[in-house]
file my_file.cif (mmCIF, C-alpha atoms and all ligand atoms)
data_start
loop_
_atom_site.group_PDB
_atom_site.id
_atom_site.type_symbol
_atom_site.label_atom_id
_atom_site.label_comp_id
_atom_site.auth_asym_id
_atom_site.auth_seq_id
_atom_site.Cartn_x
_atom_site.Cartn_y
_atom_site.Cartn_z
ATOM 1 C CA MET L 1 -16.787 31.027 -18.627
ATOM 2 C CA ILE L 2 -14.183 33.288 -20.229
ATOM 3 C CA LEU L 3 -10.863 32.052 -21.651
ATOM 4 C CA VAL L 4 -8.035 34.582 -21.288
ATOM 5 C CA SER L 5 -4.628 34.638 -22.993
ATOM 6 C CA ALA L 6 -2.325 33.704 -20.123
ATOM 7 C CA CYS L 7 0.196 36.474 -20.913
ATOM 8 C CA LEU L 8 -2.530 39.105 -20.318
ATOM 9 C CA LEU L 9 -2.722 37.889 -16.717
ATOM 10 C CA GLY L 10 1.002 38.089 -16.079
ATOM 11 C CA HIS L 11 2.156 34.590 -17.009
ATOM 12 C CA ASN L 12 5.635 34.692 -18.517
ATOM 13 C CA CYS L 13 4.702 32.746 -21.652
ATOM 14 C CA LYS L 14 5.377 35.521 -24.188
ATOM 15 C CA TYR L 15 8.035 34.825 -26.846
ATOM 16 C CA ASN L 16 10.606 36.982 -25.014
ATOM 17 C CA GLY L 17 9.981 35.230 -21.702
ATOM 18 C CA GLY L 18 7.926 38.129 -20.348
ATOM 19 C CA ASN L 19 4.219 38.850 -20.259
ATOM 20 C CA ASN L 20 1.550 41.358 -21.288
ATOM 21 C CA ASP L 21 -0.053 41.859 -17.870
ATOM 22 C CA ASN L 22 -3.059 44.102 -18.457
ATOM 23 C CA ALA L 23 -4.846 46.112 -15.775
ATOM 24 C CA ALA L 24 -8.036 46.587 -17.834
ATOM 25 C CA VAL L 25 -8.353 42.813 -18.281
ATOM 26 C CA HIS L 26 -7.800 42.187 -14.576
ATOM 27 C CA GLY L 27 -10.472 44.772 -13.798
ATOM 28 C CA TYR L 28 -12.941 43.384 -16.318
ATOM 29 C CA LEU L 29 -12.575 39.858 -14.938
ATOM 30 C CA ALA L 30 -13.308 40.805 -11.336
ATOM 31 C CA GLY L 31 -16.280 38.738 -10.172
ATOM 32 C CA LYS L 32 -16.456 36.756 -13.441
ATOM 33 C CA ASP L 33 -15.568 33.115 -14.085
ATOM 34 C CA TRP L 34 -12.433 32.725 -16.163
ATOM 35 C CA VAL L 35 -9.620 30.346 -17.045
ATOM 36 C CA CYS L 36 -6.333 31.170 -18.752
ATOM 37 C CA PHE L 37 -4.335 29.371 -21.405
ATOM 38 C CA CYS L 38 -1.297 29.880 -23.651
ATOM 39 C CA PRO L 39 -1.674 28.068 -26.969
ATOM 40 C CA GLU L 40 1.966 28.415 -27.999
ATOM 41 C CA ARG L 41 3.259 26.853 -24.777
ATOM 42 C CA ALA L 42 0.530 24.185 -25.048
ATOM 43 C CA GLY L 43 1.710 23.471 -28.586
ATOM 44 C CA GLY L 44 5.137 22.586 -27.247
ATOM 45 C CA LEU L 45 7.053 25.826 -27.831
ATOM 46 C CA PRO L 46 9.425 27.068 -25.112
ATOM 47 C CA ALA L 47 9.486 30.487 -23.420
ATOM 48 C CA PRO L 48 11.526 32.351 -24.385
ATOM 49 C CA ARG L 49 11.383 31.506 -28.099
ATOM 50 C CA LEU L 50 11.875 33.344 -31.362
ATOM 51 C CA PRO L 51 8.887 35.476 -32.416
ATOM 52 C CA SER L 52 6.711 34.004 -35.166
ATOM 53 C CA GLU L 53 4.427 35.489 -37.799
ATOM 54 C CA ILE L 54 1.848 34.151 -40.266
ATOM 55 C CA ARG L 55 2.725 34.134 -43.962
ATOM 56 C CA ASP L 56 0.674 32.507 -46.734
ATOM 57 C CA GLY L 57 -1.385 30.529 -44.244
ATOM 58 C CA LYS L 58 1.624 29.054 -42.434
ATOM 59 C CA VAL L 59 3.544 30.197 -39.369
ATOM 60 C CA TYR L 60 7.290 30.839 -39.406
ATOM 61 C CA SER L 61 9.717 31.850 -36.700
ATOM 62 C CA ARG L 62 12.000 34.815 -37.341
ATOM 63 C CA SER L 63 14.768 32.384 -38.326
ATOM 64 C CA GLY L 64 12.505 30.869 -40.999
ATOM 65 C CA GLU L 65 11.591 27.654 -39.177
ATOM 66 C CA ASP L 66 8.113 26.382 -40.059
ATOM 67 C CA VAL L 67 6.251 26.179 -36.723
ATOM 68 C CA THR L 68 2.779 25.747 -38.217
ATOM 69 C CA GLU L 69 2.301 22.321 -36.623
ATOM 70 C CA GLU L 70 3.102 23.627 -33.134
ATOM 71 C CA PHE L 71 0.657 26.499 -33.614
ATOM 72 C CA ARG L 72 -2.047 24.142 -34.884
ATOM 73 C CA ALA L 73 -1.480 21.736 -31.992
ATOM 74 C CA GLY L 74 -1.772 24.631 -29.549
ATOM 75 C CA ALA L 75 -4.996 25.768 -31.164
ATOM 76 C CA GLU L 76 -6.495 22.271 -30.963
ATOM 77 C CA ARG L 77 -5.518 22.037 -27.293
ATOM 78 C CA ALA L 78 -7.037 25.467 -26.639
ATOM 79 C CA LEU L 79 -10.295 24.364 -28.253
ATOM 80 C CA ALA L 80 -10.371 21.143 -26.214
ATOM 81 C CA PHE L 81 -9.670 23.186 -23.071
ATOM 82 C CA CYS L 82 -12.574 25.518 -23.940
ATOM 83 C CA LYS L 83 -14.925 22.585 -24.477
ATOM 84 C CA SER L 84 -13.956 20.926 -21.202
ATOM 85 C CA HIS L 85 -14.373 24.191 -19.246
ATOM 86 C CA GLY L 86 -17.609 25.433 -20.825
ATOM 87 C CA VAL L 87 -15.943 28.494 -22.351
ATOM 88 C CA THR L 88 -18.242 30.702 -24.434
ATOM 89 C CA ARG L 89 -16.159 33.879 -24.623
ATOM 90 C CA ALA L 90 -12.456 34.696 -24.850
ATOM 91 C CA ILE L 91 -10.212 37.697 -24.257
ATOM 92 C CA LEU L 92 -7.109 37.219 -26.382
ATOM 93 C CA LYS L 93 -3.892 39.142 -26.957
ATOM 94 C CA ALA L 94 -4.063 41.569 -29.876
ATOM 95 C CA ARG L 95 -1.956 40.882 -33.007
ATOM 96 C CA SER L 96 -0.439 37.595 -31.805
ATOM 97 C CA PRO L 97 -0.052 34.893 -34.484
ATOM 98 C CA SER L 98 -1.960 32.590 -32.113
ATOM 99 C CA CYS L 99 -4.283 34.928 -30.260
ATOM 100 C CA GLY L 100 -4.825 37.980 -32.539
ATOM 101 C CA VAL L 101 -8.535 38.701 -32.968
ATOM 102 C CA HIS L 102 -8.733 41.547 -35.499
ATOM 103 C CA ALA L 103 -5.241 41.801 -36.967
ATOM 104 C CA VAL L 104 -1.877 40.043 -37.089
ATOM 105 C CA TYR L 105 1.662 40.939 -38.151
ATOM 106 C CA ASP L 106 2.110 40.437 -41.870
ATOM 107 C CA GLY L 107 4.913 37.857 -41.894
ATOM 108 C CA SER L 108 7.700 40.290 -42.804
ATOM 109 C CA PHE L 109 8.927 40.853 -39.205
ATOM 110 C CA THR L 110 8.903 44.588 -39.886
ATOM 111 C CA GLY L 111 6.073 45.471 -37.507
ATOM 112 C CA ARG L 112 3.477 45.811 -40.281
ATOM 113 C CA VAL L 113 -0.018 44.672 -39.322
ATOM 114 C CA VAL L 114 -2.738 43.319 -41.611
ATOM 115 C CA PRO L 115 -6.368 42.373 -40.943
ATOM 116 C CA GLY L 116 -6.609 38.730 -39.887
ATOM 117 C CA MET L 117 -6.743 36.314 -36.987
ATOM 118 C CA GLY L 118 -4.256 34.193 -35.102
ATOM 119 C CA VAL L 119 -4.394 30.420 -35.502
ATOM 120 C CA THR L 120 -6.084 29.774 -32.157
ATOM 121 C CA ALA L 121 -8.411 32.761 -32.410
ATOM 122 C CA ARG L 122 -9.666 31.535 -35.789
ATOM 123 C CA LEU L 123 -10.319 27.989 -34.547
ATOM 124 C CA LEU L 124 -12.160 29.233 -31.455
ATOM 125 C CA ALA L 125 -14.276 31.638 -33.539
ATOM 126 C CA GLU L 126 -15.140 28.831 -35.979
ATOM 127 C CA ASN L 127 -16.365 26.850 -32.993
ATOM 128 C CA GLY L 128 -18.646 29.547 -31.645
ATOM 129 C CA VAL L 129 -16.455 31.241 -29.024
ATOM 130 C CA ALA L 130 -17.097 35.029 -28.976
ATOM 131 C CA LEU L 131 -13.774 36.876 -29.100
ATOM 132 C CA MET L 132 -12.456 40.207 -27.805
ATOM 133 C CA ASP L 133 -8.894 41.425 -27.420
ATOM 134 C CA GLU L 134 -7.479 43.492 -24.565
ATOM 135 C CA GLU L 135 -8.011 46.674 -26.573
ATOM 136 C CA ASP L 136 -11.745 45.898 -26.876
ATOM 137 C CA VAL L 137 -11.796 45.362 -23.115
ATOM 138 C CA ALA L 138 -10.063 48.711 -22.506
ATOM 139 C CA ALA L 139 -12.586 50.455 -24.795
ATOM 140 C CA LEU L 140 -15.491 48.849 -22.879
ATOM 141 C CA THR L 141 -13.929 49.935 -19.613
ATOM 142 C CA ASP L 142 -13.514 53.495 -20.903
ATOM 143 C CA GLU L 143 -17.146 53.587 -22.098
ATOM 144 C CA ALA L 144 -18.312 52.514 -18.652
ATOM 145 C CA LYS L 145 -16.517 55.471 -17.002
HETATM 146 FE FE1 LIG J 1 0.069 35.249 -24.972
HETATM 147 FE FE2 LIG J 1 -1.290 33.875 -26.791
HETATM 148 FE FE3 LIG J 1 1.277 34.434 -27.193
HETATM 149 FE FE4 LIG J 1 0.606 32.663 -25.326
HETATM 150 S S1 LIG J 1 0.267 32.449 -27.512
HETATM 151 S S2 LIG J 1 2.091 34.322 -25.119
HETATM 152 S S3 LIG J 1 -1.314 33.518 -24.560
HETATM 153 S S4 LIG J 1 -0.388 35.912 -27.066
#

call {"tool": "encode", "arguments": {"input": "my_file.cif", "output": "C-alpha cells"}}
result
Amino acid sequence: MILVSACLLGHNCKYNGGNNDNAAVHGYLAGKDWVCFCPERAGGLPAPRLPSEIRDGKVYSRSGEDVTEEFRAGAERALAFCKSHGVTRAILKARSPSCGVHAVYDGSFTGRVVPGMGVTARLLAENGVALMDEEDVAALTDEAK
C-alpha cells in the first residue's frame, strides 16, 4: 500500500487553497493500491492557511506563529493512518515542511531550499516507510520511456 500526499492527487489542501495535481503520480499509481492523506489538514490547520517553514527544528507560519504542535499532530496521525492501512511506501510532495523528502525551505521565506525532511516525512521514514517525492516518480517514469 502506498500513501500519497493528498495535494498531489488534486485535493485542495495546499496552503493557498489549491493543489499540486501531478500527472506522473496519477500514471504511476495506475493499478497499484494507494491511499491519500494531508498531514497539515489532519493536524488541524485550515485550507487556505499561511505558508509555513522549518527553522531550528520548529515550524513557523509566515506571520511568525509557532505551528510546530499542529505539524507534529499531523505527522502522528499520518503514521497511525499508515499503520492502520498497511502502508509500506509513500509518495510525498517535494520541499513541503510536512511532506518534503529530500529538501525543505530554509525558514527564511525567501525560496531558499536546504537538505532536510518535512516533519511527517521524517516520522514515516523513522518508522520504516520508504519515501519518494513526485520528482522521483517523474524520473522513474522518464527512465521507463
Ligand atoms: Fe500536500 Fe503535504 Fe502540504 Fe498536505 S501537508 S498540502 S499533503 S504537501

call {"tool": "residues_near_point", "arguments": {"input": "my_file.cif", "point": "(4.6, 29.1, -35.0)", "cutoff": "12 Å", "atoms": "all atoms listed in the file", "output": "PyMOL selection string"}}
result
chain L and resi 15+39-46+49-55+57-75+96-99+107+118-120

call {"tool": "axis_aligned_box", "arguments": {"input": "my_file.cif", "around": "range 45-62 of chain L", "padding_each_side": "4 Å", "output": "JSON"}}
result
{"center_x": 5.3, "center_y": 30.7, "center_z": -35.1, "size_x": 21.4, "size_y": 17.7, "size_z": 31.3}

call {"tool": "closest_residue", "arguments": {"input": "my_file.cif", "among": "L:His11, L:Lys93, L:Arg77, L:Lys145", "to": "ligand LIG 1 (chain J)", "atoms": "only C-alpha atoms and all ligand atoms"}}
result
L:Lys93

call {"tool": "closest_residue", "arguments": {"input": "my_file.cif", "among": "L:Ala80, L:Val25, L:Cys13, L:Val114", "to": "Gly100 in chain L", "atoms": "only C-alpha atoms"}}
result
L:Val114

call {"tool": "residues_around", "arguments": {"input": "my_file.cif", "residues": "Ala103 in chain L", "least_positions_apart": "2", "cutoff": "7 Å", "atoms": "all atoms listed in the file", "output": "list in words"}}
result
Arg95, Gly100, Val101, Val113, Val114, Pro115, Gly116 and Met117 of chain L

call {"tool": "write_last_selection", "arguments": {"input": "my_file.cif", "atoms": "C-alpha atoms", "output": "mmCIF file, in the coordinates of the input"}}
result
data_model
loop_
_atom_site.group_PDB
_atom_site.id
_atom_site.type_symbol
_atom_site.label_atom_id
_atom_site.label_comp_id
_atom_site.auth_asym_id
_atom_site.auth_seq_id
_atom_site.Cartn_x
_atom_site.Cartn_y
_atom_site.Cartn_z
ATOM 1 C CA ARG L 95 -1.956 40.882 -33.007
ATOM 2 C CA GLY L 100 -4.825 37.980 -32.539
ATOM 3 C CA VAL L 101 -8.535 38.701 -32.968
ATOM 4 C CA VAL L 113 -0.018 44.672 -39.322
ATOM 5 C CA VAL L 114 -2.738 43.319 -41.611
ATOM 6 C CA PRO L 115 -6.368 42.373 -40.943
ATOM 7 C CA GLY L 116 -6.609 38.730 -39.887
ATOM 8 C CA MET L 117 -6.743 36.314 -36.987
#

call {"tool": "resolve_selection", "arguments": {"input": "my_file.cif", "expression": "the PyMOL selection byres (((chain L and resi 133-139) around 9) and not hetatm)", "output": "PyMOL selection string"}}
result
chain L and resi 8+22-25+28+90-95+99-102+131-132+140-144

call {"tool": "closest_residue", "arguments": {"input": "my_file.cif", "among": "L:Val104, L:Ala121, L:Gly17, L:His85", "to": "Ser5 in chain L", "atoms": "only C-alpha atoms"}}
result
L:Ala121

call {"tool": "atom_distance", "arguments": {"input": "my_file.cif", "atom1": "CA of Arg112 in chain L", "atom2": "atom FE3 of ligand LIG 1 (chain J)"}}
result
17.5 Å

call {"tool": "atom_distance", "arguments": {"input": "my_file.cif", "atom1": "CA of Lys83 in chain L", "atom2": "CA of Gly27 in chain L"}}
result
25.0 Å

call {"tool": "atom_distance", "arguments": {"input": "my_file.cif", "atom1": "CA of Cys7 in chain L", "atom2": "CA of Ser108 in chain L"}}
result
23.5 Å

call {"tool": "resolve_selection", "arguments": {"input": "my_file.cif", "expression": "the PyMOL selection byres (((chain L and resi 2) around 6) and not hetatm)", "output": "VMD selection string"}}
result
chain L and resid 1 3 34 87 89 to 90

call {"tool": "closest_residue", "arguments": {"input": "my_file.cif", "among": "L:Pro48, L:Cys38, L:Asn12, L:Leu29", "to": "ligand LIG 1 (chain J)", "atoms": "only C-alpha atoms and all ligand atoms"}}
result
L:Cys38

call {"tool": "closest_residue", "arguments": {"input": "my_file.cif", "among": "L:Ala125, L:Val35, L:Ala47, L:Ala130", "to": "ligand LIG 1 (chain J)", "atoms": "all atoms listed in the file"}}
result
L:Ala47

call {"tool": "closest_residue", "arguments": {"input": "my_file.cif", "among": "L:Tyr105, L:Leu124, L:Asn19, L:Gly10", "to": "Ala78 in chain L", "atoms": "only C-alpha atoms"}}
result
L:Leu124

call {"tool": "decode", "arguments": {"input": "my_file.cif", "residues": "range 41-70 of chain L", "atoms": "N, CA, C and O atoms", "output": "compact mmCIF listing (two decimals), in the first residue's frame"}}
result
# COMPACT_ATOMS: atom_id res chain seq x y z
N ARG L 41 -3.72 19.30 7.19
CA ARG L 41 -5.16 19.36 7.46
C ARG L 41 -5.49 18.44 8.64
O ARG L 41 -6.29 18.80 9.51
N ALA L 42 -4.86 17.25 8.68
CA ALA L 42 -5.12 16.31 9.78
C ALA L 42 -4.64 16.86 11.11
O ALA L 42 -5.18 16.50 12.16
N GLY L 43 -3.65 17.75 11.07
CA GLY L 43 -3.15 18.37 12.29
C GLY L 43 -3.99 19.54 12.75
O GLY L 43 -3.67 20.20 13.75
N GLY L 44 -5.06 19.83 12.01
CA GLY L 44 -5.99 20.86 12.45
C GLY L 44 -5.84 22.20 11.76
O GLY L 44 -6.52 23.17 12.13
N LEU L 45 -4.95 22.30 10.77
CA LEU L 45 -4.77 23.58 10.07
C LEU L 45 -5.80 23.72 8.95
O LEU L 45 -6.16 22.74 8.31
N PRO L 46 -6.26 24.94 8.71
CA PRO L 46 -7.27 25.16 7.66
C PRO L 46 -6.63 25.23 6.28
O PRO L 46 -5.41 25.32 6.13
N ALA L 47 -7.44 25.20 5.24
CA ALA L 47 -7.00 25.49 3.87
C ALA L 47 -8.01 26.48 3.29
O ALA L 47 -9.20 26.15 3.25
N PRO L 48 -7.58 27.66 2.88
CA PRO L 48 -6.18 28.11 2.87
C PRO L 48 -5.65 28.48 4.26
O PRO L 48 -6.42 28.64 5.20
N ARG L 49 -4.32 28.60 4.32
CA ARG L 49 -3.61 28.98 5.54
C ARG L 49 -2.33 29.69 5.11
O ARG L 49 -1.95 29.62 3.94
N LEU L 50 -1.66 30.32 6.06
CA LEU L 50 -0.37 30.92 5.72
C LEU L 50 0.64 29.82 5.46
O LEU L 50 0.58 28.76 6.09
N PRO L 51 1.60 30.03 4.55
CA PRO L 51 2.66 29.03 4.37
C PRO L 51 3.53 28.96 5.62
O PRO L 51 3.63 29.93 6.37
N SER L 52 4.13 27.80 5.83
CA SER L 52 4.99 27.58 6.99
C SER L 52 6.33 27.02 6.54
O SER L 52 6.41 26.38 5.48
N GLU L 53 7.35 27.26 7.34
CA GLU L 53 8.68 26.69 7.05
C GLU L 53 9.33 26.26 8.36
O GLU L 53 8.96 26.75 9.44
N ILE L 54 10.30 25.35 8.24
CA ILE L 54 11.01 24.81 9.40
C ILE L 54 12.23 25.70 9.70
O ILE L 54 12.98 26.05 8.78
N ARG L 55 12.37 26.06 10.98
CA ARG L 55 13.56 26.81 11.39
C ARG L 55 13.98 26.31 12.77
O ARG L 55 13.17 26.27 13.70
N ASP L 56 15.23 25.92 12.89
CA ASP L 56 15.78 25.44 14.17
C ASP L 56 14.93 24.34 14.79
O ASP L 56 14.68 24.33 16.00
N GLY L 57 14.45 23.43 13.95
CA GLY L 57 13.72 22.28 14.46
C GLY L 57 12.27 22.55 14.81
O GLY L 57 11.56 21.67 15.30
N LYS L 58 11.80 23.78 14.61
CA LYS L 58 10.40 24.10 14.86
C LYS L 58 9.76 24.58 13.56
O LYS L 58 10.48 24.82 12.58
N VAL L 59 8.45 24.70 13.55
CA VAL L 59 7.76 25.14 12.34
C VAL L 59 7.03 26.44 12.64
O VAL L 59 6.30 26.53 13.65
N TYR L 60 7.22 27.42 11.76
CA TYR L 60 6.60 28.73 11.94
C TYR L 60 5.84 29.11 10.68
O TYR L 60 6.31 28.87 9.56
N SER L 61 4.68 29.76 10.88
CA SER L 61 3.98 30.32 9.73
C SER L 61 4.68 31.61 9.31
O SER L 61 5.52 32.14 10.05
N ARG L 62 4.32 32.11 8.14
CA ARG L 62 4.97 33.32 7.63
C ARG L 62 4.76 34.53 8.56
O ARG L 62 5.57 35.44 8.58
N SER L 63 3.71 34.49 9.37
CA SER L 63 3.49 35.60 10.31
C SER L 63 4.25 35.40 11.61
O SER L 63 4.18 36.24 12.51
N GLY L 64 4.98 34.28 11.73
CA GLY L 64 5.77 34.03 12.93
C GLY L 64 5.10 33.17 13.98
O GLY L 64 5.67 32.90 15.03
N GLU L 65 3.88 32.70 13.70
CA GLU L 65 3.19 31.84 14.66
C GLU L 65 3.86 30.47 14.71
O GLU L 65 4.16 29.88 13.67
N ASP L 66 4.08 29.96 15.92
CA ASP L 66 4.67 28.64 16.09
C ASP L 66 3.58 27.58 15.86
O ASP L 66 2.64 27.48 16.65
N VAL L 67 3.70 26.83 14.78
CA VAL L 67 2.70 25.80 14.44
C VAL L 67 3.29 24.40 14.56
O VAL L 67 2.78 23.44 14.00
N THR L 68 4.37 24.30 15.34
CA THR L 68 5.06 23.01 15.48
C THR L 68 4.11 21.93 15.98
O THR L 68 4.12 20.79 15.49
N GLU L 69 3.27 22.26 16.96
CA GLU L 69 2.38 21.24 17.53
C GLU L 69 1.39 20.71 16.49
O GLU L 69 1.12 19.51 16.44
N GLU L 70 0.86 21.59 15.66
CA GLU L 70 -0.06 21.15 14.61
C GLU L 70 0.66 20.24 13.62
O GLU L 70 0.12 19.21 13.17
